[in-house]
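Shown below: start39.cif, with mmCIF, C-alpha atoms.
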```
data_protein
#
loop_
_atom_site.label_atom_id
_atom_site.label_comp_id
_atom_site.auth_asym_id
_atom_site.auth_seq_id
_atom_site.Cartn_x
_atom_site.Cartn_y
_atom_site.Cartn_z
CA MET A 23 -26.93 3.94 -13.17
CA SER A 24 -23.96 2.10 -11.64
CA ALA A 25 -26.08 -1.08 -11.50
CA ILE A 26 -26.73 -0.86 -15.25
CA VAL A 27 -23.04 -0.27 -16.03
CA LEU A 28 -22.01 -3.18 -13.83
CA ALA A 29 -24.71 -5.41 -15.31
CA SER A 30 -23.58 -4.60 -18.86
CA TYR A 31 -19.99 -5.49 -18.00
CA ASP A 32 -21.11 -8.66 -16.15
CA LEU A 33 -23.04 -9.69 -19.25
CA LYS A 34 -19.98 -9.05 -21.40
CA ARG A 35 -17.92 -11.25 -19.09
CA ILE A 36 -20.39 -14.13 -19.32
CA ILE A 37 -20.65 -13.83 -23.12
CA ARG A 38 -16.85 -13.94 -23.39
CA HIS A 39 -16.67 -17.11 -21.34
CA ARG A 40 -17.50 -19.39 -24.24
CA PRO A 41 -18.31 -22.68 -22.42
CA THR A 42 -20.71 -20.86 -20.11
CA ILE A 43 -22.60 -18.97 -22.78
CA ILE A 44 -22.80 -22.09 -24.97
CA ALA A 45 -24.24 -24.09 -22.07
CA LEU A 46 -26.73 -21.34 -21.25
CA LEU A 47 -28.04 -20.95 -24.78
CA ALA A 48 -27.74 -24.58 -25.89
CA LEU A 49 -30.16 -25.85 -23.26
CA PRO A 50 -33.30 -24.02 -24.48
CA LEU A 51 -32.21 -24.50 -28.09
CA ILE A 52 -31.89 -28.29 -27.78
CA VAL A 53 -35.09 -28.70 -25.75
CA ALA A 54 -37.07 -26.53 -28.18
CA LEU A 55 -35.65 -28.36 -31.23
CA ALA A 56 -36.37 -31.75 -29.65
CA ARG A 57 -39.90 -30.67 -28.86
CA ALA A 58 -40.35 -29.40 -32.40
CA ALA A 59 -38.98 -32.61 -33.91
CA PHE A 60 -40.86 -35.02 -31.64
CA ALA A 61 -44.10 -33.15 -31.01
CA GLY A 62 -45.99 -36.29 -29.98
CA SER A 63 -43.49 -37.47 -27.38
CA SER A 64 -44.43 -37.13 -23.73
CA ILE A 65 -40.72 -36.92 -22.83
CA THR A 66 -40.19 -33.80 -24.95
CA LEU A 67 -43.42 -32.37 -23.60
CA GLY A 68 -42.15 -32.80 -20.03
CA ALA A 69 -38.76 -31.36 -20.98
CA ALA A 70 -40.45 -28.36 -22.61
CA TRP A 71 -42.49 -27.74 -19.47
CA ALA A 72 -39.41 -28.01 -17.25
CA CYS A 73 -37.11 -26.03 -19.52
CA PRO A 74 -37.95 -22.48 -18.27
CA PHE A 75 -37.36 -23.58 -14.68
CA VAL A 76 -34.13 -25.41 -15.50
CA CYS A 77 -32.93 -22.36 -17.43
CA LEU A 78 -33.64 -20.19 -14.43
CA LEU A 79 -31.71 -22.60 -12.21
CA LEU A 80 -28.81 -22.62 -14.65
CA VAL A 81 -28.66 -18.82 -14.76
CA TRP A 82 -28.65 -18.70 -10.97
CA ALA A 83 -25.86 -21.33 -10.85
CA VAL A 84 -23.73 -19.40 -13.37
CA LEU A 85 -24.13 -16.14 -11.47
CA HIS A 86 -23.39 -17.86 -8.17
CA VAL A 87 -20.20 -19.45 -9.55
CA GLN A 88 -19.16 -16.10 -11.01
CA ARG A 89 -19.70 -14.47 -7.62
CA MET A 90 -17.52 -17.10 -5.94
CA ILE A 91 -14.77 -16.67 -8.55
CA ASP A 92 -14.92 -12.88 -8.15
CA SER A 93 -14.58 -13.30 -4.42
CA THR A 94 -11.54 -15.57 -4.82
CA THR A 95 -9.78 -13.40 -7.39
CA GLY A 96 -10.33 -10.22 -5.39
CA PHE A 97 -12.64 -8.52 -7.90
CA THR A 98 -15.38 -8.36 -5.26
CA SER A 99 -13.01 -6.47 -2.94
CA GLY A 100 -12.50 -3.94 -5.70
CA LEU A 101 -16.25 -3.51 -6.13
CA LEU A 102 -16.83 -3.22 -2.39
CA SER A 103 -14.20 -0.49 -2.12
CA THR A 104 -16.16 1.71 -4.55
CA PRO A 105 -18.98 3.94 -3.33
CA THR A 106 -21.49 1.71 -5.15
CA PRO A 107 -24.17 0.64 -2.64
CA ASP A 108 -24.50 -3.08 -1.97
CA SER A 109 -28.08 -2.92 -3.24
CA HIS A 110 -26.77 -1.80 -6.66
CA LEU A 111 -24.34 -4.72 -6.75
CA ILE A 112 -27.23 -7.11 -6.11
CA LEU A 113 -29.43 -5.29 -8.62
CA ALA A 114 -26.67 -5.62 -11.22
CA ARG A 115 -26.65 -9.41 -10.72
CA ILE A 116 -30.42 -9.54 -11.07
CA LEU A 117 -30.29 -7.47 -14.27
CA THR A 118 -27.56 -9.70 -15.71
CA GLY A 119 -29.55 -12.81 -14.85
CA ALA A 120 -32.71 -11.31 -16.28
CA ALA A 121 -30.97 -10.47 -19.56
CA ILE A 122 -29.58 -13.99 -19.97
CA TYR A 123 -32.88 -15.57 -19.04
CA ALA A 124 -34.68 -13.33 -21.52
CA ALA A 125 -32.28 -14.48 -24.27
CA GLN A 126 -32.88 -18.12 -23.35
CA MET A 127 -36.64 -17.68 -23.42
CA VAL A 128 -36.50 -15.85 -26.78
CA ILE A 129 -34.66 -18.86 -28.24
CA PHE A 130 -36.95 -21.38 -26.59
CA TRP A 131 -40.31 -19.78 -27.40
CA GLY A 132 -39.08 -18.51 -30.74
CA ILE A 133 -38.32 -22.01 -32.00
CA LEU A 134 -41.57 -23.41 -30.59
CA ALA A 135 -43.52 -20.58 -32.18
CA LEU A 136 -41.90 -21.21 -35.56
CA ARG A 137 -42.73 -24.92 -35.42
CA PHE A 138 -46.32 -24.77 -34.17
CA MET B 22 -7.77 20.68 7.46
CA SER B 23 -7.31 16.93 7.65
CA THR B 24 -8.91 14.70 5.05
CA LEU B 25 -8.47 11.46 6.92
CA LYS B 26 -8.21 11.04 10.67
CA ILE B 27 -7.51 7.67 12.23
CA ASP B 28 -7.89 7.41 16.00
CA ASN B 29 -6.80 4.45 18.14
CA LEU B 30 -7.58 2.08 15.32
CA GLY B 31 -7.30 -1.59 16.11
CA MET B 32 -8.24 -4.86 14.53
CA ARG B 33 -8.32 -8.22 16.20
CA ALA B 34 -8.10 -11.36 14.07
CA ASN B 35 -7.83 -14.96 15.27
CA GLY B 36 -7.41 -13.84 18.86
CA LYS B 37 -4.48 -11.53 18.07
CA TRP B 38 -4.27 -7.81 17.43
CA ALA B 39 -3.28 -7.50 13.77
CA LEU B 40 -3.37 -3.73 14.20
CA TRP B 41 -3.56 -1.71 17.38
CA ASP B 42 -3.39 1.85 18.65
CA VAL B 43 -2.96 3.33 15.17
CA ASN B 44 -3.24 7.11 15.08
CA LEU B 45 -2.70 8.95 11.83
CA GLU B 46 -3.91 12.13 10.16
CA ILE B 47 -3.59 12.85 6.49
CA GLU B 48 -3.97 16.42 5.34
CA ALA B 49 -5.44 17.35 1.97
CA GLY B 50 -2.70 17.25 -0.68
CA GLU B 51 -0.32 15.18 1.43
CA ILE B 52 1.59 12.07 0.43
CA VAL B 53 2.11 9.80 3.42
CA GLY B 54 4.06 6.57 3.27
CA VAL B 55 3.28 3.62 5.50
CA PHE B 56 6.55 1.75 5.65
CA GLY B 57 6.91 -1.70 7.15
CA ARG B 58 8.00 -5.22 6.56
CA SER B 59 5.84 -7.92 5.12
CA GLY B 60 3.19 -8.95 7.66
CA SER B 61 3.50 -5.77 9.70
CA GLY B 62 -0.16 -4.79 9.20
CA LYS B 63 0.00 -2.51 6.14
CA SER B 64 -2.64 -4.34 4.12
CA THR B 65 -4.89 -4.64 7.17
CA LEU B 66 -4.72 -0.87 7.55
CA ALA B 67 -5.48 -0.42 3.84
CA GLY B 68 -8.45 -2.79 4.10
CA LEU B 69 -9.84 -0.85 7.05
CA ILE B 70 -9.46 2.50 5.29
CA ALA B 71 -11.15 1.13 2.17
CA GLY B 72 -13.98 -0.30 4.25
CA LEU B 73 -13.19 -3.89 3.27
CA GLU B 74 -12.58 -4.90 6.89
CA GLU B 75 -14.29 -3.86 10.09
CA GLN B 76 -12.20 -2.45 12.92
CA SER B 77 -12.35 -3.88 16.43
CA SER B 78 -11.63 -0.51 18.02
CA GLY B 79 -11.07 3.13 17.12
CA THR B 80 -12.45 5.33 14.37
CA ILE B 81 -11.69 6.40 10.82
CA ALA B 82 -13.13 9.83 10.08
CA TRP B 83 -13.34 11.43 6.68
CA THR B 84 -13.64 15.16 6.40
CA ASP B 85 -13.62 17.60 3.53
CA SER B 86 -13.28 21.37 3.74
CA ASP B 87 -16.81 21.69 5.18
CA ASN B 88 -16.05 19.03 7.78
CA LYS B 89 -18.64 16.70 6.27
CA LYS B 90 -18.26 13.16 5.10
CA PRO B 91 -17.37 13.38 1.42
CA THR B 92 -18.59 10.91 -1.16
CA PRO B 93 -16.71 9.05 -2.50
CA PHE B 94 -13.89 8.88 0.05
CA ALA B 95 -10.85 6.62 -0.53
CA CYS B 96 -9.95 4.66 -3.60
CA ILE B 97 -7.65 1.74 -3.05
CA ALA B 98 -5.24 -0.13 -5.30
CA LEU B 99 -5.10 -3.54 -3.70
CA GLU B 100 -1.92 -5.58 -3.36
CA LYS B 101 -3.81 -8.39 -5.09
CA PRO B 102 -5.21 -6.69 -8.21
CA ALA B 103 -9.02 -6.62 -8.25
CA LEU B 104 -9.54 -7.09 -11.97
CA ALA B 105 -12.22 -8.96 -13.88
CA SER B 106 -10.26 -11.55 -15.84
CA GLU B 107 -12.68 -11.56 -18.82
CA LEU B 108 -12.52 -7.80 -19.32
CA THR B 109 -9.78 -5.98 -21.19
CA VAL B 110 -7.39 -3.49 -19.60
CA TYR B 111 -9.44 -0.58 -20.95
CA GLU B 112 -12.75 -2.08 -19.80
CA ASN B 113 -11.47 -2.82 -16.30
CA ILE B 114 -10.35 0.78 -15.79
CA ASP B 115 -13.49 2.15 -17.46
CA LEU B 116 -15.76 0.01 -15.27
CA PHE B 117 -14.25 1.35 -12.08
CA ALA B 118 -14.29 4.91 -13.42
CA ALA B 119 -18.04 4.48 -13.97
CA LEU B 120 -18.54 2.98 -10.51
CA TRP B 121 -16.65 5.92 -8.99
CA GLY B 122 -19.04 8.27 -10.73
CA VAL B 123 -16.66 9.77 -13.29
CA PRO B 124 -18.89 11.45 -15.90
CA ARG B 125 -19.12 9.61 -19.22
CA ARG B 126 -17.66 12.54 -21.23
CA LYS B 127 -14.53 12.61 -19.04
CA ARG B 128 -14.12 8.86 -18.76
CA ALA B 129 -12.63 7.92 -22.12
CA GLY B 130 -9.98 10.65 -21.98
CA ARG B 131 -9.01 9.89 -18.43
CA VAL B 132 -8.75 6.13 -19.00
CA ALA B 133 -6.70 6.69 -22.16
CA SER B 134 -4.27 9.05 -20.40
CA LEU B 135 -3.75 6.57 -17.55
CA ILE B 136 -3.14 3.77 -20.05
CA GLU B 137 -0.47 5.92 -21.65
CA LEU B 138 1.02 7.04 -18.33
CA LEU B 139 1.44 3.48 -17.09
CA LYS B 140 2.66 2.23 -20.48
CA LEU B 141 -0.29 -0.10 -20.95
CA SER B 142 -1.02 0.80 -24.57
CA ASP B 143 0.26 -2.55 -25.86
CA TRP B 144 -2.23 -4.37 -23.61
CA ARG B 145 -5.16 -1.99 -24.00
CA SER B 146 -7.37 -4.64 -25.62
CA THR B 147 -5.89 -7.63 -23.83
CA ARG B 148 -8.07 -9.44 -21.32
CA ALA B 149 -6.80 -9.33 -17.73
CA GLN B 150 -6.48 -13.12 -17.61
CA HIS B 151 -3.69 -12.96 -20.19
CA LEU B 152 -1.62 -10.28 -18.42
CA SER B 153 1.60 -10.82 -16.51
CA SER B 154 1.59 -9.93 -12.82
CA GLY B 155 3.63 -6.76 -13.42
CA VAL B 156 1.13 -5.46 -15.97
CA ARG B 157 -1.81 -6.42 -13.74
CA ASN B 158 -0.25 -4.36 -10.96
CA ARG B 159 -0.05 -1.35 -13.26
CA VAL B 160 -3.68 -1.80 -14.32
CA GLU B 161 -4.64 -1.93 -10.64
CA ILE B 162 -2.86 1.38 -10.03
CA ALA B 163 -4.64 2.90 -13.04
CA ARG B 164 -7.93 1.58 -11.65
CA ALA B 165 -7.30 3.43 -8.39
CA LEU B 166 -6.10 6.66 -9.99
CA VAL B 167 -9.10 6.95 -12.30
CA SER B 168 -11.44 8.03 -9.51
CA ASP B 169 -12.06 11.50 -8.08
CA ALA B 170 -11.70 10.25 -4.51
CA PRO B 171 -9.85 12.70 -2.23
CA VAL B 172 -7.59 9.94 -0.89
CA THR B 173 -5.91 7.22 -2.93
CA VAL B 174 -4.39 4.27 -1.10
CA ILE B 175 -1.80 2.23 -3.00
CA ASP B 176 -0.99 -1.03 -1.25
CA SER B 177 2.57 -2.22 -2.00
CA LEU B 178 2.13 -1.97 -5.78
CA LEU B 179 4.68 0.82 -6.26
CA ASP B 180 7.35 -1.61 -5.02
CA THR B 181 7.04 -3.52 -8.28
CA ILE B 182 6.94 -0.63 -10.76
CA ASP B 183 9.80 -0.06 -13.21
CA PRO B 184 11.83 3.09 -12.42
CA ASP B 185 10.93 4.94 -15.66
CA ILE B 186 7.20 4.38 -15.15
CA MET B 187 7.54 5.19 -11.45
CA GLU B 188 9.09 8.56 -12.25
CA LYS B 189 6.20 9.56 -14.54
CA LEU B 190 3.62 8.14 -12.16
CA TRP B 191 5.05 10.09 -9.24
CA ASP B 192 5.00 13.31 -11.29
CA HIS B 193 1.35 12.58 -12.11
CA MET B 194 0.56 12.08 -8.43
CA LEU B 195 2.30 15.31 -7.52
CA GLY B 196 0.26 17.03 -10.23
CA LEU B 197 -3.00 15.66 -8.78
CA ARG B 198 -1.89 16.76 -5.35
CA ARG B 199 -1.29 20.31 -6.57
CA SER B 200 -4.27 20.70 -8.89
CA GLU B 201 -6.97 18.78 -7.00
CA GLY B 202 -5.59 18.58 -3.47
CA LYS B 203 -5.63 14.79 -3.62
CA SER B 204 -3.91 12.89 -0.83
CA PHE B 205 -2.07 9.62 -1.19
CA LEU B 206 -1.33 6.88 1.29
CA ILE B 207 1.52 4.78 -0.06
CA LEU B 208 2.00 1.42 1.61
CA THR B 209 5.44 0.03 0.95
CA SER B 210 8.19 -2.21 2.21
CA ARG B 211 10.86 -0.39 0.18
CA GLY B 212 12.82 2.46 1.69
CA LYS B 213 13.33 4.18 -1.67
CA ILE B 214 9.58 4.52 -2.12
CA ALA B 215 9.05 5.63 1.49
CA GLU B 216 11.65 8.37 1.27
CA MET B 217 9.78 9.97 -1.65
CA CYS B 218 6.80 10.65 0.62
CA GLY B 219 6.38 13.84 2.63
CA ARG B 220 5.86 11.91 5.86
CA VAL B 221 6.46 8.32 6.77
CA ALA B 222 4.68 6.17 9.30
CA VAL B 223 6.66 3.08 10.21
CA ILE B 224 4.39 0.19 11.05
CA HIS B 225 5.85 -2.67 13.00
CA ARG B 226 3.93 -5.57 14.52
CA GLY B 227 0.63 -3.83 13.83
CA ARG B 228 1.54 -0.56 15.46
CA ILE B 229 2.89 2.75 14.22
CA SER B 230 6.35 2.98 15.74
CA PHE B 231 7.49 6.18 14.07
CA LEU B 232 5.79 9.08 12.34
CA GLY B 233 7.76 11.89 10.80
CA ARG B 234 9.86 13.03 7.85
CA PRO B 235 11.96 10.43 6.00
CA ASP B 236 15.17 12.25 6.95
CA ASP B 237 14.25 12.04 10.63
CA LEU B 238 13.60 8.34 10.22
CA ARG B 239 16.95 7.84 8.53
CA ARG B 240 18.71 9.51 11.45
CA LEU B 241 17.54 6.67 13.67
CA ALA B 242 19.96 4.45 11.77
CA GLY B 243 22.93 6.65 12.65
CA GLU B 244 25.06 9.26 10.94
CA ASP B 245 26.24 9.55 7.36
CA VAL B 246 29.64 8.11 6.49
CA VAL B 247 31.95 10.22 4.30
CA VAL B 248 34.60 8.22 2.43
CA LEU B 249 37.59 9.87 0.78
CA GLY B 250 39.82 8.11 -1.74
CA ASP B 251 42.83 8.91 -3.98
CA ILE B 252 44.21 11.42 -1.51
CA THR B 253 47.06 13.28 -3.23
CA SER B 254 48.68 14.69 -0.12
CA PRO B 255 49.31 12.76 3.13
CA MET B 256 48.80 15.99 5.06
CA ILE B 257 45.14 16.16 4.12
CA ARG B 258 44.03 13.77 6.84
CA ALA B 259 45.53 15.96 9.57
CA ARG B 260 44.06 19.10 8.04
CA ILE B 261 40.56 17.60 7.83
CA GLU B 262 40.75 16.33 11.41
CA GLU B 263 41.84 19.75 12.53
CA GLN B 264 39.18 21.61 10.54
CA ILE B 265 36.04 19.61 11.28
CA SER B 266 37.00 17.82 14.49
CA VAL B 267 36.25 14.26 13.46
CA VAL B 268 37.93 10.93 14.04
CA ILE B 269 39.13 9.62 10.70
CA ARG B 270 39.63 5.93 10.06
CA GLU B 271 41.95 4.66 7.36
CA GLU B 272 41.28 1.39 5.63
CA GLU B 273 42.77 0.05 2.38
CA GLY B 274 43.81 3.50 1.28
CA PHE B 275 40.42 5.09 1.99
CA LEU B 276 39.72 7.60 4.72
CA SER B 277 36.31 7.56 6.32
CA PHE B 278 34.54 9.42 9.10
CA ARG B 279 31.00 9.86 10.43
CA ALA B 280 29.09 13.12 10.09
CA THR B 281 25.54 14.20 10.97
CA ASN B 282 25.03 16.05 7.71
CA GLY B 283 27.30 14.37 5.19
CA GLU B 284 26.20 16.48 2.23
CA ARG B 285 27.13 19.75 3.92
CA VAL B 286 30.47 18.36 5.13
CA ILE B 287 31.34 17.19 1.61
CA GLY B 288 30.46 20.63 0.24
CA ASP B 289 32.77 22.22 2.81
CA LEU B 290 35.58 19.77 2.05
CA LEU B 291 35.33 20.30 -1.69
CA SER B 292 35.41 24.07 -1.33
CA GLU B 293 38.40 23.82 1.02
CA PHE B 294 40.49 21.09 -0.61
CA GLY B 295 39.16 21.03 -4.17
CA THR B 296 41.17 18.77 -6.48
CA GLU B 297 43.35 17.50 -3.65
CA LEU B 298 40.51 15.07 -2.96
CA GLY B 299 40.57 12.43 -5.68
CA CYS B 300 37.13 11.04 -5.01
CA VAL B 301 34.48 11.46 -2.36
CA TYR B 302 31.64 9.12 -1.45
CA LEU B 303 28.69 9.71 0.80
CA LYS B 304 27.22 6.61 2.38
CA ARG B 305 23.87 7.43 3.91
CA PRO B 306 21.96 5.01 6.10
CA THR B 307 18.85 3.77 4.32
CA LEU B 308 15.33 3.71 5.65
CA GLU B 309 15.63 -0.08 5.73
CA ASP B 310 18.51 0.39 8.20
CA ALA B 311 16.22 2.58 10.29
CA LEU B 312 13.50 -0.05 10.08
CA ASP B 313 15.98 -2.62 11.42
CA VAL B 314 16.74 -0.30 14.33
CA ILE B 315 13.03 0.06 15.07
CA ALA B 316 12.48 -3.69 14.77
CA ASP B 317 15.34 -4.36 17.19
CA GLY B 318 14.24 -1.81 19.75
CA GLY B 319 10.68 -1.08 18.78
CA SER B 320 9.35 -0.45 22.26
CA SER B 321 11.88 2.23 23.16
CA ILE B 322 11.27 4.14 19.92
CA ALA B 323 7.53 3.88 20.35
CA ALA B 324 7.99 5.43 23.77
CA ASP B 325 10.02 8.24 22.23
CA VAL B 326 7.26 8.87 19.69
CA ARG B 327 4.70 9.13 22.50
CA GLU B 328 6.89 11.59 24.32
CA GLY B 329 7.45 13.57 21.12
CA THR B 330 11.22 13.23 21.14
CA THR B 331 11.63 11.41 17.82
#
```
When written as structure tokens, how does the structure in this file appear?
Amino acid sequence: MSAIVLASYDLKRIIRHRPTIIALLALPLIVALARAAFAGSSITLGAAWACPFVCLLLVWAVLHVQRMIDSTTGFTSGLLSTPTPDSHLILARILTGAAIYAAQMVIFWGILALRF
Amino acid sequence: MSTLKIDNLGMRANGKWALWDVNLEIEAGEIVGVFGRSGSGKSTLAGLIAGLEEQSSGTIAWTDSDNKKPTPFACIALEKPALASELTVYENIDLFAALWGVPRRKRAGRVASLIELLKLSDWRSTRAQHLSSGVRNRVEIARALVSDAPVTVIDSLLDTIDPDIMEKLWDHMLGLRRSEGKSFLILTSRGKIAEMCGRVAVIHRGRISFLGRPDDLRRLAGEDVVVLGDITSPMIRARIEEQISVVIREEEGFLSFRATNGERVIGDLLSEFGTELGCVYLKRPTLEDALDVIADGGSSIAADVREGTT
């Protein structure tokens, strides 16, 4: 339960950080639109193939940076002083990442599905 | 029945003992102050109690009434507030309430009452990144108080609280102590905060140099000084000297003398001389004065503590 609460708040934090959320959602959007517009291009085909992996990498990078910032600002110390097990803190990160990745893939595959 | 028992606790960092030979017991419903200067080891002790640091020696034992390890144990308000900058004041407190296992139906009411208690209503929906340091400190205290943990550790944050908020906050803490048997460990470098606690542990150079009541600590700094001014009759000095057997000094029209219990002496003087005394002052040594005494002769006082004479 604590992992879900923490994940929901983590997600809220990422959504409120406008540059981050724009970067996260713009990538699949642009790649999918480019692929839709230039269906015959091998470049867009390659980009479309790579997009899910790049999105995954981007999500990991965002979560990693957030973890480093939390560590610097002391937020991590606050979390560690609660009775929440470490495994729940990790699970919360995974859930947050999964939610963002799911949103990216909905955008990406949604646009491709509309076009083709 | 003690809630928290610290035995021979020590922590070594960068080849030096940041904390050593710390022994402290906190009973359920007790407010204990850890009083020391900046860099004396207060935050290290707080970090060890909260489980943020690992001790090099000694033990920290948590016991409840059944002598079992309770869950959760100690909630800490850190000197450097542990807030998520993108979350609002309400969300930060609510998040930690959830992580401390406060039931959902109780959470909203408890968070709202703490926001009111610490006068945070104006910032309720403000993100932590836009708060001033004073407000952040208050949010951090609210974050610690929201839990049901039997011990709450507040690291130096009460030093920065405005007096009107402090008064209400202290009443709230006393209420929690009475109703839920909660204990508090208040880490401070201010004597005025330390003297509000039931017991005070003076920490100096990583070691507890004194443990006892604030009044006993104050006595280390010497006796009270009673100052008398606007004396209407020149005979009063002789009568006071005769009655309470003290040596009175006269300086710029004021009479002054030292007394062990200044308050009682003043009461006696007022009942004896009444309006003949124009004005009376009591100058009591502060806990900071006592801290200076300990800092100057720390080893001898530590020895006294071991022998149980302090």
Fill in: Selected residue of minimal separation from Val76 of chain A among A:Ala58, A:Ile91, A:Ile122, A:Leu49, counting only C-alpha atoms
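Looking only at the distances to Val76 of chain A, the closest residue turns out to be A:Leu49.
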Discussion item. For the provided coordinates, the residues matched by the PyMOL selection byres ((chain B) within 9 of (chain A)) should be stated as a PyMOL selection string.
Written reply: chain B and resi 68+71-73+92-99+101-108+112+116-117+119-122
Practice prompt. Calculate how many Å separate atom CA of Asp115 of chain B from atom CA of Leu85 of chain A, rounding to one decimal.
Written response: 22.0 Å
Worksheet entry | Interatomic distance, atom CA of Ala67 of chain B to atom CA of Ser210 of chain B (Å, one decimal) |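 Separating atom CA of Ala67 of chain B from atom CA of Ser210 of chain B is a distance of 13.9 Å.
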Enclose segment 43-47 of chain B, meaning all of its atoms listed in the file, in a box aligned along x, y and z, pad it by 5 Å on each side, and list the centre and edge lengths in Å to one decimal, as JSON.
```
{"center_x": -3.3, "center_y": 8.1, "center_z": 10.8, "size_x": 11.2, "size_y": 19.5, "size_z": 18.7}
```
Practice prompt. Convert the output of the PyMOL selection byres ((chain B and resi 132) around 12) on the shown file into explicit residues, formatted as a PyMOL selection string.
Written response: chain B and resi 110-119+123-131+133-139+141-142+145+160+162-168
Practice prompt. Compute the distance from (-28.1, -22.0, -16.0) to each atom, counting all atoms listed in the file, keep the residues with any atom at most 8 Å away, and return them as a PyMOL selection string; use the coordinates of the file.
Written response: chain A and resi 45-46+76-84
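The interatomic distance for the pair atom CA of Cys73 of chain A and atom CA of Ala135 of chain A works out to 15.2 Å.
Distance check against Ile182 of chain B using only C-alpha atoms: of B:Glu201, B:Asp289, B:Glu309, B:Glu161, the minimum falls on B:Glu161.
Excluding Leu134 of chain A itself and same-chain residues fewer than 4 positions from it, the residues having an atom within 10 Å of it are Leu51, Val53, Ala54, Leu55, Ala56, Arg57, Ala58, Ala70, Val128, Ile129, Phe130 and Phe138 of chain A, counting all atoms listed in the file.
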Worksheet item: Hey, what comes out of the PyMOL selection byres ((chain B and resi 50) around 12) on this file? Could you write it as number ranges by chain?
Response: B: 22-25, 47-49, 51-53, 85, 171-173, 194-206, 218-219
Worksheet item: Pick from A:Ile65, A:Gln126, A:Gln88, A:Ile133: nearest to Pro50 of chain A, with all atoms listed in the file counted?
Response: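 Smallest separation from Pro50 of chain A among the options: A:Gln126.
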Discussion item. Neighbouring residues of Ser64 of chain B were defined as those with any atom within 12 Å, considering only C-alpha atoms; residues of the same chain fewer than 2 positions away were excluded. Please report them as a VMD selection string.
Written reply: chain B and resid 32 39 to 40 55 to 62 66 to 71 73 to 74 97 to 101 174 to 178 206 to 210 224 227
Fill in: Who sits within 7 Å of segment 117-120 of chain A, only C-alpha atoms, same chain under 2 positions skipped, as a list in words
Ala29, Asp32, Leu33, Val81, Leu113, Ala114, Arg115, Ile122, Tyr123 and Ala124 of chain A
Discussion item. I'd like to know which of B:Ala222, B:Val156, B:Val268, B:Ile261 is closest to Asp237 of chain B, using only C-alpha atoms.
Written reply: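 Looking only at the distances to Asp237 of chain B, the closest residue turns out to be B:Ala222.
Each of B:Ser146, B:Ser254, B:Ser230, B:Ser266 was checked against Leu45 of chain B using only C-alpha atoms; the smallest atom-to-atom distance is that of B:Ser230.
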Item to complete: Check the smallest atom-to-atom distance from each of B:Glu188, B:Glu297, B:Glu216, B:Asp251 to Phe275 of chain B using only C-alpha atoms, then report the winner.
Response: B:Asp251
Within 12 Å of (34.3, 20.1, 12.4) (coordinates as in the file), grab all the protein and nucleic acid residues, counting all atoms listed in the file, and write them out as a PDB file with C-alpha atoms, in the frame of the given file.
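This went into selection39.pdb:
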```pdb
ATOM      1  CA  ARG B 260      44.060  19.100   8.040  1.00  0.00           C
ATOM      2  CA  ILE B 261      40.560  17.600   7.830  1.00  0.00           C
ATOM      3  CA  GLU B 262      40.750  16.330  11.410  1.00  0.00           C
ATOM      4  CA  GLU B 263      41.840  19.750  12.530  1.00  0.00           C
ATOM      5  CA  GLN B 264      39.180  21.610  10.540  1.00  0.00           C
ATOM      6  CA  ILE B 265      36.040  19.610  11.280  1.00  0.00           C
ATOM      7  CA  SER B 266      37.000  17.820  14.490  1.00  0.00           C
ATOM      8  CA  VAL B 267      36.250  14.260  13.460  1.00  0.00           C
ATOM      9  CA  VAL B 268      37.930  10.930  14.040  1.00  0.00           C
ATOM     10  CA  ILE B 269      39.130   9.620  10.700  1.00  0.00           C
ATOM     11  CA  PHE B 278      34.540   9.420   9.100  1.00  0.00           C
ATOM     12  CA  ARG B 279      31.000   9.860  10.430  1.00  0.00           C
ATOM     13  CA  ALA B 280      29.090  13.120  10.090  1.00  0.00           C
ATOM     14  CA  THR B 281      25.540  14.200  10.970  1.00  0.00           C
ATOM     15  CA  ASN B 282      25.030  16.050   7.710  1.00  0.00           C
ATOM     16  CA  GLY B 283      27.300  14.370   5.190  1.00  0.00           C
ATOM     17  CA  ARG B 285      27.130  19.750   3.920  1.00  0.00           C
ATOM     18  CA  VAL B 286      30.470  18.360   5.130  1.00  0.00           C
ATOM     19  CA  ILE B 287      31.340  17.190   1.610  1.00  0.00           C
ATOM     20  CA  ASP B 289      32.770  22.220   2.810  1.00  0.00           C
ATOM     21  CA  LEU B 290      35.580  19.770   2.050  1.00  0.00           C
TER      22      LEU B 290
END
```
